[in-house]
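Data block for start.txt (compact mmCIF, C-alpha atoms and all ligand atoms):
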# COMPACT_ATOMS: atom_id res chain seq x y z
CA MET A 1 0.00 0.00 0.00
CA LYS A 2 2.96 2.31 0.53
CA ASN A 3 2.49 5.38 -1.65
CA ASN A 4 -0.08 3.53 -3.78
CA MET A 5 -3.18 5.61 -4.18
CA ILE A 6 -6.36 5.84 -6.19
CA ILE A 7 -8.25 9.10 -6.44
CA LYS A 8 -11.62 8.61 -8.07
CA ASN A 9 -14.86 10.38 -9.01
CA ALA A 10 -13.21 13.82 -9.12
CA SER A 11 -15.59 16.24 -10.75
CA GLN A 12 -12.54 17.59 -12.60
CA VAL A 13 -8.99 16.33 -13.02
CA VAL A 14 -7.07 19.33 -14.31
CA THR A 15 -4.10 17.54 -15.85
CA CYS A 16 -2.16 20.53 -17.30
CA SER A 17 -0.77 17.73 -19.48
CA GLY A 18 2.65 18.30 -21.00
CA PHE A 19 6.37 17.74 -20.48
CA LYS A 20 7.76 21.16 -21.35
CA ALA A 21 6.99 24.87 -20.93
CA LYS A 22 3.79 26.12 -22.54
CA HIS A 23 4.06 29.27 -24.62
CA GLY A 24 1.44 31.88 -25.42
CA LYS A 25 -1.90 30.36 -26.44
CA GLU A 26 -0.87 26.88 -25.24
CA MET A 27 -1.22 28.23 -21.70
CA SER A 28 -5.02 28.32 -22.07
CA ASP A 29 -5.57 24.58 -22.43
CA LEU A 30 -5.66 22.76 -19.09
CA HIS A 31 -6.67 19.34 -20.53
CA VAL A 32 -9.47 18.78 -18.03
CA ILE A 33 -11.00 15.32 -17.52
CA GLU A 34 -14.54 15.30 -16.12
CA ASN A 35 -15.34 12.62 -13.51
CA GLY A 36 -11.70 11.63 -13.45
CA ALA A 37 -9.47 9.18 -11.66
CA ILE A 38 -5.74 8.84 -11.06
CA ILE A 39 -3.70 5.82 -10.07
CA ILE A 40 -0.40 6.32 -8.27
CA GLU A 41 2.01 3.43 -7.64
CA ASP A 42 5.22 3.77 -5.63
CA GLY A 43 4.73 7.52 -5.69
CA ILE A 44 4.54 7.78 -9.50
CA ILE A 45 1.44 8.43 -11.61
CA LYS A 46 0.54 5.19 -13.39
CA ALA A 47 -2.71 6.21 -15.09
CA VAL A 48 -5.13 9.08 -15.47
CA GLY A 49 -8.50 9.16 -17.24
CA SER A 50 -12.22 8.91 -16.65
CA THR A 51 -13.13 7.02 -13.47
CA GLU A 52 -15.03 4.44 -15.48
CA ASP A 53 -12.12 3.64 -17.83
CA ILE A 54 -9.40 3.75 -15.20
CA LEU A 55 -11.02 1.62 -12.54
CA LYS A 56 -12.42 -1.09 -14.83
CA GLY A 57 -11.25 -4.44 -13.41
CA MET A 58 -9.03 -2.77 -10.77
CA ASP A 59 -8.51 -4.38 -7.38
CA GLU A 60 -8.78 -1.28 -5.21
CA SER A 61 -7.87 -3.11 -2.00
CA LYS A 62 -4.13 -2.63 -2.65
CA TYR A 63 -4.47 1.15 -2.68
CA ASN A 64 -5.30 4.01 -0.36
CA VAL A 65 -8.48 5.27 -1.97
CA ILE A 66 -9.73 8.84 -1.93
CA ASP A 67 -13.22 9.52 -3.18
CA ALA A 68 -13.02 13.02 -4.67
CA THR A 69 -16.70 13.40 -5.50
CA GLY A 70 -17.51 17.10 -5.88
CA LYS A 71 -13.84 18.05 -5.81
CA THR A 72 -11.14 19.16 -8.25
CA VAL A 73 -7.71 17.58 -8.60
CA LEU A 74 -4.73 19.53 -9.93
CA PRO A 75 -0.97 18.98 -10.10
CA GLY A 76 0.86 20.16 -6.97
CA PHE A 77 1.81 23.82 -7.34
CA VAL A 78 5.41 24.76 -8.09
CA ASP A 79 6.63 27.95 -6.43
CA SER A 80 9.67 28.58 -8.61
CA HIS A 81 11.09 31.72 -6.95
CA THR A 82 11.50 32.18 -3.19
CA HIS A 83 14.09 33.25 -0.63
CA PHE A 84 12.68 31.27 2.29
CA VAL A 85 15.86 30.66 4.32
CA PHE A 86 16.65 33.82 6.25
CA GLY A 87 17.18 35.03 9.81
CA GLY A 88 15.52 38.14 11.24
CA TYR A 89 12.57 40.10 9.91
CA ARG A 90 12.18 43.54 8.33
CA GLU A 91 8.79 44.68 9.56
CA GLU A 92 10.19 48.17 10.23
CA GLU A 93 11.10 48.54 6.55
CA PHE A 94 7.59 47.51 5.53
CA ASP A 95 6.31 50.19 7.87
CA MET A 96 8.71 52.77 6.34
CA ARG A 97 7.39 51.88 2.88
CA LEU A 98 3.85 52.49 4.11
CA LYS A 99 5.08 55.94 5.15
CA GLY A 100 6.37 56.71 1.67
CA TYR A 101 10.01 55.54 1.49
CA SER A 102 10.89 53.45 -1.56
CA TYR A 103 12.58 50.02 -1.55
CA MET A 104 15.73 51.52 -3.12
CA GLU A 105 15.81 54.47 -0.68
CA ILE A 106 15.71 52.03 2.24
CA MET A 107 18.43 49.95 0.61
CA LYS A 108 20.67 53.03 0.17
CA CYS A 109 20.37 53.76 3.94
CA GLY A 110 21.74 50.30 4.80
CA GLY A 111 18.40 48.52 4.99
CA GLY A 112 17.13 45.95 2.52
CA ILE A 113 19.12 42.83 1.69
CA ALA A 114 22.07 43.98 3.86
CA ASN A 115 19.72 44.01 6.86
CA SER A 116 18.80 40.36 6.27
CA THR A 117 22.45 39.37 5.93
CA THR A 118 22.99 40.49 9.54
CA GLY A 119 20.05 38.37 10.74
CA THR A 120 21.10 35.37 8.68
CA LEU A 121 24.73 35.62 9.80
CA LYS A 122 23.62 35.59 13.46
CA ALA A 123 21.20 32.67 13.10
CA SER A 124 22.57 29.20 13.78
CA LYS A 125 21.98 26.39 11.32
CA GLU A 126 19.47 24.90 13.76
CA GLU A 127 17.54 28.16 13.98
CA LEU A 128 17.43 28.45 10.20
CA MET A 129 16.23 24.83 10.01
CA THR A 130 13.38 25.52 12.45
CA LEU A 131 12.31 28.66 10.61
CA GLY A 132 12.70 27.00 7.21
CA LYS A 133 10.59 24.01 8.22
CA LYS A 134 7.80 26.24 9.48
CA ARG A 135 7.76 28.15 6.22
CA LEU A 136 7.75 24.96 4.14
CA ASP A 137 4.80 23.68 6.20
CA SER A 138 2.86 26.82 5.42
CA MET A 139 3.61 26.51 1.68
CA LEU A 140 2.59 22.85 1.69
CA LYS A 141 -0.81 23.80 3.12
CA PHE A 142 -1.30 26.12 0.14
CA GLY A 143 -0.69 23.16 -2.19
CA VAL A 144 2.94 23.81 -3.07
CA THR A 145 4.77 20.51 -3.49
CA THR A 146 8.02 21.81 -5.01
CA VAL A 147 9.71 25.06 -4.13
CA GLU A 148 12.77 26.88 -5.37
CA GLY A 149 14.91 28.45 -2.64
CA LYS A 150 17.81 30.86 -2.96
CA SER A 151 20.82 31.75 -0.88
CA GLY A 152 21.78 35.43 -0.99
CA TYR A 153 21.50 36.58 2.60
CA GLY A 154 25.10 35.71 3.34
CA LEU A 155 27.21 37.58 0.82
CA ASP A 156 30.19 35.90 2.47
CA PHE A 157 31.46 32.37 2.01
CA ASP A 158 30.28 30.82 5.27
CA THR A 159 26.77 32.24 5.39
CA GLU A 160 26.01 31.55 1.73
CA ILE A 161 27.10 27.95 2.20
CA LYS A 162 25.12 27.73 5.45
CA GLN A 163 21.91 28.74 3.66
CA LEU A 164 22.44 26.16 0.91
CA GLU A 165 23.29 23.43 3.42
CA VAL A 166 20.15 24.25 5.41
CA MET A 167 18.05 23.67 2.28
CA LYS A 168 19.83 20.38 1.63
CA GLU A 169 19.07 19.27 5.20
CA LEU A 170 15.46 20.45 5.02
CA GLU A 171 14.86 18.26 2.00
CA LYS A 172 15.77 15.22 4.10
CA ILE A 173 13.21 15.96 6.82
CA HIS A 174 10.38 17.53 4.82
CA PRO A 175 8.15 16.22 2.04
CA MET A 176 8.74 19.36 -0.05
CA ASP A 177 11.15 19.06 -2.98
CA ILE A 178 13.55 21.99 -3.06
CA ALA A 179 15.36 23.33 -6.14
CA LYS A 180 18.40 25.12 -4.75
CA THR A 181 19.76 28.33 -6.24
CA PHE A 182 23.03 30.06 -5.42
CA LEU A 183 22.38 33.81 -5.30
CA GLY A 184 25.72 34.98 -3.86
CA ALA A 185 25.41 38.04 -6.13
CA HIS A 186 22.28 39.37 -4.44
CA ALA A 187 23.81 42.67 -3.28
CA VAL A 188 27.25 44.25 -2.99
CA PRO A 189 28.34 43.78 0.65
CA THR A 190 29.50 46.88 2.56
CA GLU A 191 33.14 45.86 2.53
CA TYR A 192 33.03 45.81 -1.31
CA LYS A 193 31.11 49.12 -1.64
CA GLY A 194 31.85 50.64 -5.07
CA ARG A 195 33.76 47.48 -6.07
CA GLY A 196 30.97 45.23 -7.32
CA GLY A 197 33.26 43.84 -10.02
CA GLU A 198 35.77 42.64 -7.42
CA PHE A 199 32.97 41.00 -5.44
CA ILE A 200 31.92 39.12 -8.59
CA ASP A 201 35.54 37.93 -8.96
CA PHE A 202 35.50 36.77 -5.33
CA ILE A 203 32.33 34.76 -5.99
CA ILE A 204 33.76 33.25 -9.16
CA GLU A 205 37.08 32.31 -7.60
CA LYS A 206 36.14 31.36 -4.06
CA VAL A 207 32.47 30.49 -3.64
CA LEU A 208 31.19 29.08 -6.93
CA PRO A 209 33.78 26.25 -7.13
CA TYR A 210 32.82 25.07 -3.63
CA VAL A 211 29.10 25.20 -4.44
CA VAL A 212 29.63 23.13 -7.58
CA GLU A 213 32.06 20.61 -6.05
CA ASN A 214 29.71 19.93 -3.15
CA ASP A 215 26.57 19.88 -5.28
CA LEU A 216 24.93 22.55 -3.15
CA ALA A 217 22.92 24.27 -5.88
CA GLU A 218 21.53 23.55 -9.31
CA PHE A 219 21.06 27.18 -10.41
CA CYS A 220 23.13 30.36 -10.28
CA ASP A 221 21.17 33.62 -10.04
CA ILE A 222 22.13 37.33 -9.87
CA PHE A 223 20.33 40.60 -9.02
CA CYS A 224 21.02 42.40 -12.29
CA GLU A 225 19.91 45.95 -11.49
CA GLU A 226 21.05 49.56 -11.50
CA ASN A 227 23.21 50.22 -8.42
CA VAL A 228 23.50 46.48 -7.78
CA PHE A 229 25.15 44.36 -10.54
CA SER A 230 25.58 45.65 -14.10
CA ILE A 231 24.88 43.77 -17.31
CA GLU A 232 28.63 43.19 -17.80
CA GLU A 233 29.12 41.86 -14.25
CA SER A 234 26.05 39.66 -14.62
CA ARG A 235 27.20 38.31 -17.98
CA LYS A 236 30.61 37.46 -16.51
CA LEU A 237 29.24 35.57 -13.51
CA LEU A 238 26.54 33.74 -15.44
CA ASN A 239 28.88 32.58 -18.21
CA LYS A 240 31.38 31.32 -15.62
CA ALA A 241 28.62 29.48 -13.75
CA LYS A 242 27.45 27.92 -17.02
CA GLU A 243 31.00 26.79 -17.81
CA MET A 244 31.02 25.10 -14.40
CA GLY A 245 27.83 23.19 -15.23
CA MET A 246 25.23 25.30 -13.47
CA LYS A 247 21.88 26.33 -14.90
CA LEU A 248 21.05 30.02 -14.89
CA LYS A 249 18.44 32.42 -13.54
CA LEU A 250 18.32 36.20 -13.29
CA HIS A 251 16.52 38.84 -11.25
CA ALA A 252 16.02 40.96 -14.35
CA ASP A 253 14.57 44.37 -15.28
CA GLU A 254 12.81 44.74 -11.94
CA ILE A 255 13.26 48.40 -11.09
CA VAL A 256 15.10 49.83 -14.12
CA GLN A 257 15.06 48.68 -17.74
CA LEU A 258 18.66 47.51 -17.80
CA GLY A 259 18.47 44.79 -20.45
CA GLY A 260 18.34 41.78 -18.12
CA SER A 261 15.71 40.05 -20.29
CA GLU A 262 17.93 40.33 -23.35
CA LEU A 263 20.87 39.02 -21.31
CA ALA A 264 18.77 36.06 -20.12
CA ALA A 265 18.10 35.13 -23.75
CA GLU A 266 21.76 35.62 -24.68
CA VAL A 267 23.17 33.36 -21.95
CA GLY A 268 20.39 30.75 -22.31
CA ALA A 269 18.94 31.19 -18.82
CA VAL A 270 16.23 28.77 -17.74
CA SER A 271 14.22 31.73 -16.40
CA ALA A 272 14.30 35.50 -16.02
CA ASP A 273 12.33 36.77 -13.05
CA HIS A 274 10.46 39.97 -12.01
CA LEU A 275 10.54 41.71 -15.45
CA LEU A 276 8.43 44.71 -14.41
CA GLN A 277 10.41 46.88 -16.81
CA ALA A 278 11.22 44.32 -19.52
CA SER A 279 11.38 45.91 -22.99
CA ASP A 280 9.39 44.75 -26.02
CA GLU A 281 12.65 43.50 -27.54
CA GLY A 282 13.58 41.65 -24.33
CA ILE A 283 10.17 39.97 -24.26
CA LYS A 284 10.51 38.91 -27.90
CA ARG A 285 13.96 37.45 -27.27
CA MET A 286 12.85 35.53 -24.16
CA ALA A 287 10.00 33.97 -26.15
CA GLU A 288 12.35 32.98 -29.00
CA ALA A 289 15.09 31.64 -26.73
CA GLY A 290 12.67 29.65 -24.56
CA VAL A 291 13.52 31.55 -21.37
CA VAL A 292 10.63 31.14 -18.92
CA SER A 293 9.37 34.61 -17.88
CA THR A 294 8.67 34.30 -14.17
CA LEU A 295 6.34 36.97 -12.81
CA LEU A 296 6.08 37.82 -9.13
CA PRO A 297 2.95 39.95 -8.69
CA CYS A 298 2.96 39.71 -4.88
CA THR A 299 6.23 41.70 -4.94
CA ALA A 300 4.82 44.42 -7.21
CA PHE A 301 1.77 44.52 -4.92
CA SER A 302 3.88 44.75 -1.77
CA LEU A 303 6.12 47.47 -3.26
CA LYS A 304 3.13 49.30 -4.77
CA GLU A 305 4.74 49.08 -8.24
CA GLU A 306 3.08 48.56 -11.63
CA TYR A 307 2.71 44.86 -12.45
CA ALA A 308 4.83 43.13 -15.08
CA ARG A 309 3.18 42.97 -18.51
CA GLY A 310 1.95 39.39 -18.23
CA ARG A 311 -0.83 39.78 -20.80
CA PHE A 312 1.55 41.30 -23.35
CA MET A 313 4.12 38.53 -22.70
CA ILE A 314 1.58 35.75 -23.24
CA ASP A 315 0.23 37.48 -26.35
CA ASN A 316 3.81 37.57 -27.61
CA ASN A 317 4.32 33.86 -27.12
CA CYS A 318 6.31 33.86 -23.87
CA ALA A 319 6.13 30.94 -21.46
CA VAL A 320 5.01 32.72 -18.29
CA ALA A 321 5.40 31.26 -14.79
CA LEU A 322 4.05 32.75 -11.55
CA ALA A 323 5.82 32.53 -8.20
CA THR A 324 5.52 34.18 -4.79
CA ASP A 325 9.07 35.57 -4.31
CA PHE A 326 8.54 34.92 -0.59
CA ASN A 327 11.33 36.82 1.21
CA PRO A 328 11.83 38.98 4.33
CA GLY A 329 11.90 42.31 2.50
CA SER A 330 10.18 43.13 -0.77
CA CYS A 331 7.53 40.42 -0.44
CA HIS A 332 6.84 38.75 2.87
CA THR A 333 4.12 36.36 1.73
CA GLU A 334 3.99 32.74 0.61
CA SER A 335 0.27 33.07 -0.17
CA ILE A 336 -0.76 31.19 -3.30
CA PRO A 337 -4.37 32.45 -3.03
CA LEU A 338 -3.12 36.05 -3.06
CA LEU A 339 -0.90 35.25 -6.05
CA PHE A 340 -3.92 33.93 -7.99
CA ALA A 341 -5.98 36.99 -7.06
CA LEU A 342 -3.34 39.42 -8.31
CA ALA A 343 -2.55 37.49 -11.50
CA THR A 344 -6.19 37.23 -12.55
CA LEU A 345 -7.74 40.43 -11.23
CA ASN A 346 -4.80 42.80 -11.69
CA MET A 347 -2.62 41.35 -14.46
CA LYS A 348 -5.33 40.33 -16.91
CA MET A 349 -4.29 36.69 -16.92
CA THR A 350 -7.09 34.14 -17.30
CA THR A 351 -7.63 31.48 -14.63
CA GLU A 352 -6.36 28.84 -17.09
CA GLU A 353 -3.17 30.82 -17.79
CA ALA A 354 -2.57 31.40 -14.08
CA ILE A 355 -2.93 27.68 -13.34
CA THR A 356 -0.54 26.78 -16.18
CA ALA A 357 1.88 29.39 -14.83
CA LEU A 358 1.90 27.80 -11.39
CA THR A 359 2.08 24.17 -12.50
CA ILE A 360 3.77 23.06 -15.72
CA ASN A 361 5.42 26.44 -16.39
CA GLY A 362 6.54 26.70 -12.77
CA ALA A 363 8.11 23.28 -13.24
CA ALA A 364 9.76 24.46 -16.48
CA ALA A 365 11.15 27.49 -14.62
CA ILE A 366 13.21 25.08 -12.51
CA ASP A 367 13.89 22.69 -15.40
CA ARG A 368 11.66 19.95 -13.97
CA ALA A 369 8.78 19.91 -16.47
CA HIS A 370 9.72 16.33 -17.36
CA GLU A 371 8.95 15.09 -13.82
CA ILE A 372 6.42 17.41 -12.15
CA GLY A 373 3.88 20.15 -13.00
CA SER A 374 1.22 18.00 -14.68
CA ILE A 375 -0.86 14.89 -14.10
CA ASP A 376 0.70 12.61 -16.69
CA GLU A 377 1.78 9.00 -16.58
CA GLY A 378 5.36 8.74 -15.30
CA LYS A 379 5.35 11.98 -13.34
CA LYS A 380 5.59 12.27 -9.54
CA GLY A 381 2.34 11.72 -7.69
CA ASP A 382 2.20 15.32 -6.44
CA LEU A 383 -1.40 16.49 -6.34
CA VAL A 384 -3.73 19.05 -4.86
CA ILE A 385 -7.42 18.39 -4.13
CA LEU A 386 -9.66 21.45 -3.92
CA GLU A 387 -12.75 21.45 -1.75
CA PHE A 388 -14.80 22.69 -4.74
CA PRO A 389 -15.99 21.03 -7.99
CA SER A 390 -14.23 23.37 -10.45
CA TYR A 391 -10.79 24.95 -10.80
CA LYS A 392 -12.64 28.24 -11.35
CA PHE A 393 -13.14 28.44 -7.58
CA ILE A 394 -9.44 29.22 -7.09
CA PRO A 395 -9.60 32.92 -8.06
CA TYR A 396 -13.33 33.19 -7.35
CA HIS A 397 -12.82 32.51 -3.63
CA ILE A 398 -10.69 35.61 -3.47
CA ALA A 399 -7.42 35.25 -1.55
CA VAL A 400 -8.72 32.26 0.45
CA ASN A 401 -7.11 28.83 0.42
CA THR A 402 -9.35 26.42 -1.51
CA VAL A 403 -6.90 23.52 -1.10
CA GLU A 404 -8.35 20.72 1.00
CA ARG A 405 -5.78 17.96 0.61
CA VAL A 406 -2.22 17.71 -0.64
CA ILE A 407 -0.62 14.51 -1.89
CA LYS A 408 3.14 14.27 -2.21
CA GLY A 409 4.65 11.28 -3.98
CA GLY A 410 1.41 9.32 -3.54
CA LYS A 411 1.15 10.09 0.17
CA LEU A 412 -1.44 12.30 1.85
CA VAL A 413 0.59 15.04 3.57
CA VAL A 414 -2.03 17.72 4.23
CA ASN A 415 -5.70 17.58 5.10
CA ASN A 416 -6.74 21.17 5.76
CA GLU A 417 -10.25 20.01 6.57
CA ASN A 418 -9.09 18.08 9.62
CA SER A 419 -5.80 18.32 11.37
CA GLY A 420 -3.68 20.07 8.72
CA LEU A 421 -0.24 18.49 8.40
CA LEU A 422 -0.09 14.68 8.31
CA TYR A 423 3.43 13.82 7.27
O1 LIG A 501 13.38 39.06 -5.43
N1 LIG A 501 15.07 41.89 -6.01
C1 LIG A 501 15.90 41.37 -5.30
N2 LIG A 501 15.77 40.38 -4.44
C2 LIG A 501 14.61 40.04 -3.73
C3 LIG A 501 14.40 40.95 -2.60
C4 LIG A 501 14.99 40.42 -1.40
C5 LIG A 501 14.85 41.27 -0.20
O2 LIG A 501 14.32 42.40 -0.22
O3 LIG A 501 15.31 40.76 0.81
C6 LIG A 501 13.41 39.97 -4.62
O4 LIG A 501 12.47 40.77 -4.55
FE FE A 502 13.71 37.26 -5.65

Translate this file's structure into structure tokens.
Amino acid sequence: MKNNMIIKNASQVVTCSGFKAKHGKEMSDLHVIENGAIIIEDGIIKAVGSTEDILKGMDESKYNVIDATGKTVLPGFVDSHTHFVFGGYREEEFDMRLKGYSYMEIMKCGGGIANSTTGTLKASKEELMTLGKKRLDSMLKFGVTTVEGKSGYGLDFDTEIKQLEVMKELEKIHPMDIAKTFLGAHAVPTEYKGRGGEFIDFIIEKVLPYVVENDLAEFCDIFCEENVFSIEESRKLLNKAKEMGMKLKLHADEIVQLGGSELAAEVGAVSADHLLQASDEGIKRMAEAGVVSTLLPCTAFSLKEEYARGRFMIDNNCAVALATDFNPGSCHTESIPLLFALATLNMKMTTEEAITALTINGAAAIDRAHEIGSIDEGKKGDLVILEFPSYKFIPYHIAVNTVERVIKGGKLVVNNENSGLLY
């Protein structure tokens, strides 16, 4: 019976079927099966179809059976951009923003990312583990079954490595799968003030080799932004990381239109993220190069900025993913319901596009579309069961969690209706 499961009679199985990123119009087709069933064996999806076809001649006694009458089944959500391992909070900065200071003004006065490096430096590995586990639990309850997590609150060798090691340890004790990203180039530390280029050299020579040798991260990311790291510095780091076998991501064109989207296409990044200021040309190049455009509307909301041009990107054939950007500064929320509300009500994305963006395209944004992000034979048995009969309830029940149960690798790990966490 271990990790063998049948889910039957679901009013909808929203398969999001596919094994790679969906571009433009493809994002609208969710491949829904009415009155559907799914069979999971040893944690892997064995079959999906109508309940009648799938269960014909099946001996159900060897499976844990869930009757999903009146409910909707979807692939587990993939939150492909977060910074969930950090020490200390920045509630005072949030309060300053409410009083009219901008994110960059706060950063220039020594707040922002530098503030979180102090908290993360002080926190022991055990403390970071406790905090990290709590945050993963919260995400799991929202239906997230795979998360991407970044370092970047160290900016020195030891603390960057500590953050990555914490994520590696968390994976061992938590059902969540974690895609780990090295974001050593998240800010220029005080001791390198005005010498960002030298800090990039330090990362390339001293930190990156250790990360690669010890298999601590799959992706290398950089905050490519005015007054942080330039296009040239970003290009240098990313090309070096690629040479060393890492996959690439960028925080691109968030505050200023610097050309990060174009750079993402040039270096063959898996994703470019934020993109509030991405140019028409940058959008065109991302679509052509197959760079997933990851949009983070909770951050724009939290910073009171204009949203990224999601509608325009989809209309121009981009593969758009949505993620929370959960972090202690610009966006202190892991709320998937809020993310859906903002994407649909404020960014002109349809419900179907938003679901694609958080499932198969989220998976593509961490290069895992071959193994998660849809309900297809051979993929991991990572599923979400909504308490309602249609996926349309997700944005309709505004900013409220509609997830009732979460299944991870064929095992029930959350039942929000009863006791919550079960793993
Ligand atoms: O994705 N833009 C840069 N990095 C983070 C912010 C992190 C922070 O404020 O601590 C982001 O929004
Ligand atoms: Fe970020």

Self-check item: Residues within 6 Å of ligand LIG 501 (chain A), counting all atoms listed in the file, as a ChimeraX atom specification
Solution: /A:112-113,223,325,327-330

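The protein and nucleic acid residues lying at most 8 Å from Ala241 (chain A) are Ile204, Leu208, Cys220, Leu237, Gly245, Met246, Lys247 and Leu248 of chain A, with only C-alpha atoms considered and sequence neighbours fewer than 4 positions away removed.
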
Quiz item: Which residues form the shell of 8 Å around ligand FE 502 (chain A) when you count only C-alpha atoms and all ligand atoms, given as a PyMOL selection string?
Solution: chain A and resi 81-83+251+273-274+325-327

Quiz prompt | Given all atoms listed in the file as the counted atoms, nearest of A:Leu296, A:Leu422, A:Val48, A:Leu170 to Leu338 (chain A) | solution =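 Closest to Leu338 (chain A) of all the choices is A:Leu296.
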
Box centre and edge lengths (Å, one decimal), axis-aligned, region 388-391 of chain A plus 6 Å each side, as lines of an AutoDock Vina configuration file:
center_x = -13.4
center_y = 23.0
center_z = -7.8
size_x = 17.2
size_y = 15.9
size_z = 18.1

Self-check item: Selection: 9 Å around Gly184 (chain A), all atoms listed in the file, excl. self and same-chain fewer than 5 positions, as a list in words
Solution: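 The neighbour list is Lys150, Ser151, Gly152, Tyr153, Gly154, Leu155, Asp156, Phe157, Glu160, Ile200, Ile203, Val207, Leu208, Cys220, Asp221 and Ile222 of chain A.
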
Practice problem: Extract, using only C-alpha atoms, all DNA, RNA and protein residues at most 9 Å from Pro297 (chain A), discarding same-chain residues fewer than 6 positions from it, and format them as an MDAnalysis selection string. | Solution: chainID A and resid 274 307:308 322:325 339 342:343 346:347

Quiz item: Skipping near chain neighbours, those fewer than 6 positions away, what residues fall within 8 Å of Glu371 (chain A) using all atoms listed in the file, listed as a PyMOL selection string?
Solution: chain A and resi 19+378-380

Quiz item: From the list A:Asp29, A:Glu34, A:Glu93, A:Glu262, which residue is nearest Ser390 (chain A) when using all atoms listed in the file?
Solution: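 Closest residue, counting all atoms listed in the file: A:Glu34.
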
Quiz prompt | Two-atom distance - CA of Leu250 (chain A), CA of Glu266 (chain A) (Å) | solution =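 For CA of Leu250 (chain A) relative to CA of Glu266 (chain A), the distance reads 11.9 Å.
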
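For the set A:Val403, A:Ala37, A:Ile7, A:Ala21, the residue with the smallest atom-to-atom gap to His370 (chain A) is A:Ala21, counting all atoms listed in the file.
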
Exercise. Name the residues in contact with His174 (chain A) at a cut-off of 12 Å, using all atoms listed in the file, excluding same-chain residues fewer than 4 positions from it; report them as a ChimeraX atom specification.
Key: /A:129-130,132-140,145-147,166-170,178,408,413,421-423

Written record: region 22-47 of chain A, C-alpha atoms, as a PDB file, in the first residue's frame:
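Full text of decode_9.pdb as output:
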ATOM      1  CA  LYS A  22       3.794  26.123 -22.537  1.00  0.00           C
ATOM      2  CA  HIS A  23       4.058  29.266 -24.615  1.00  0.00           C
ATOM      3  CA  GLY A  24       1.436  31.881 -25.417  1.00  0.00           C
ATOM      4  CA  LYS A  25      -1.899  30.358 -26.437  1.00  0.00           C
ATOM      5  CA  GLU A  26      -0.872  26.878 -25.238  1.00  0.00           C
ATOM      6  CA  MET A  27      -1.218  28.235 -21.704  1.00  0.00           C
ATOM      7  CA  SER A  28      -5.018  28.316 -22.073  1.00  0.00           C
ATOM      8  CA  ASP A  29      -5.571  24.578 -22.426  1.00  0.00           C
ATOM      9  CA  LEU A  30      -5.664  22.762 -19.090  1.00  0.00           C
ATOM     10  CA  HIS A  31      -6.668  19.342 -20.526  1.00  0.00           C
ATOM     11  CA  VAL A  32      -9.467  18.776 -18.032  1.00  0.00           C
ATOM     12  CA  ILE A  33     -10.999  15.317 -17.517  1.00  0.00           C
ATOM     13  CA  GLU A  34     -14.545  15.301 -16.124  1.00  0.00           C
ATOM     14  CA  ASN A  35     -15.343  12.621 -13.507  1.00  0.00           C
ATOM     15  CA  GLY A  36     -11.702  11.629 -13.451  1.00  0.00           C
ATOM     16  CA  ALA A  37      -9.470   9.179 -11.657  1.00  0.00           C
ATOM     17  CA  ILE A  38      -5.741   8.845 -11.062  1.00  0.00           C
ATOM     18  CA  ILE A  39      -3.703   5.817 -10.067  1.00  0.00           C
ATOM     19  CA  ILE A  40      -0.399   6.315  -8.271  1.00  0.00           C
ATOM     20  CA  GLU A  41       2.013   3.427  -7.642  1.00  0.00           C
ATOM     21  CA  ASP A  42       5.220   3.770  -5.634  1.00  0.00           C
ATOM     22  CA  GLY A  43       4.731   7.521  -5.694  1.00  0.00           C
ATOM     23  CA  ILE A  44       4.540   7.776  -9.496  1.00  0.00           C
ATOM     24  CA  ILE A  45       1.440   8.431 -11.615  1.00  0.00           C
ATOM     25  CA  LYS A  46       0.537   5.190 -13.389  1.00  0.00           C
ATOM     26  CA  ALA A  47      -2.707   6.207 -15.094  1.00  0.00           C
TER      27      ALA A  47
END
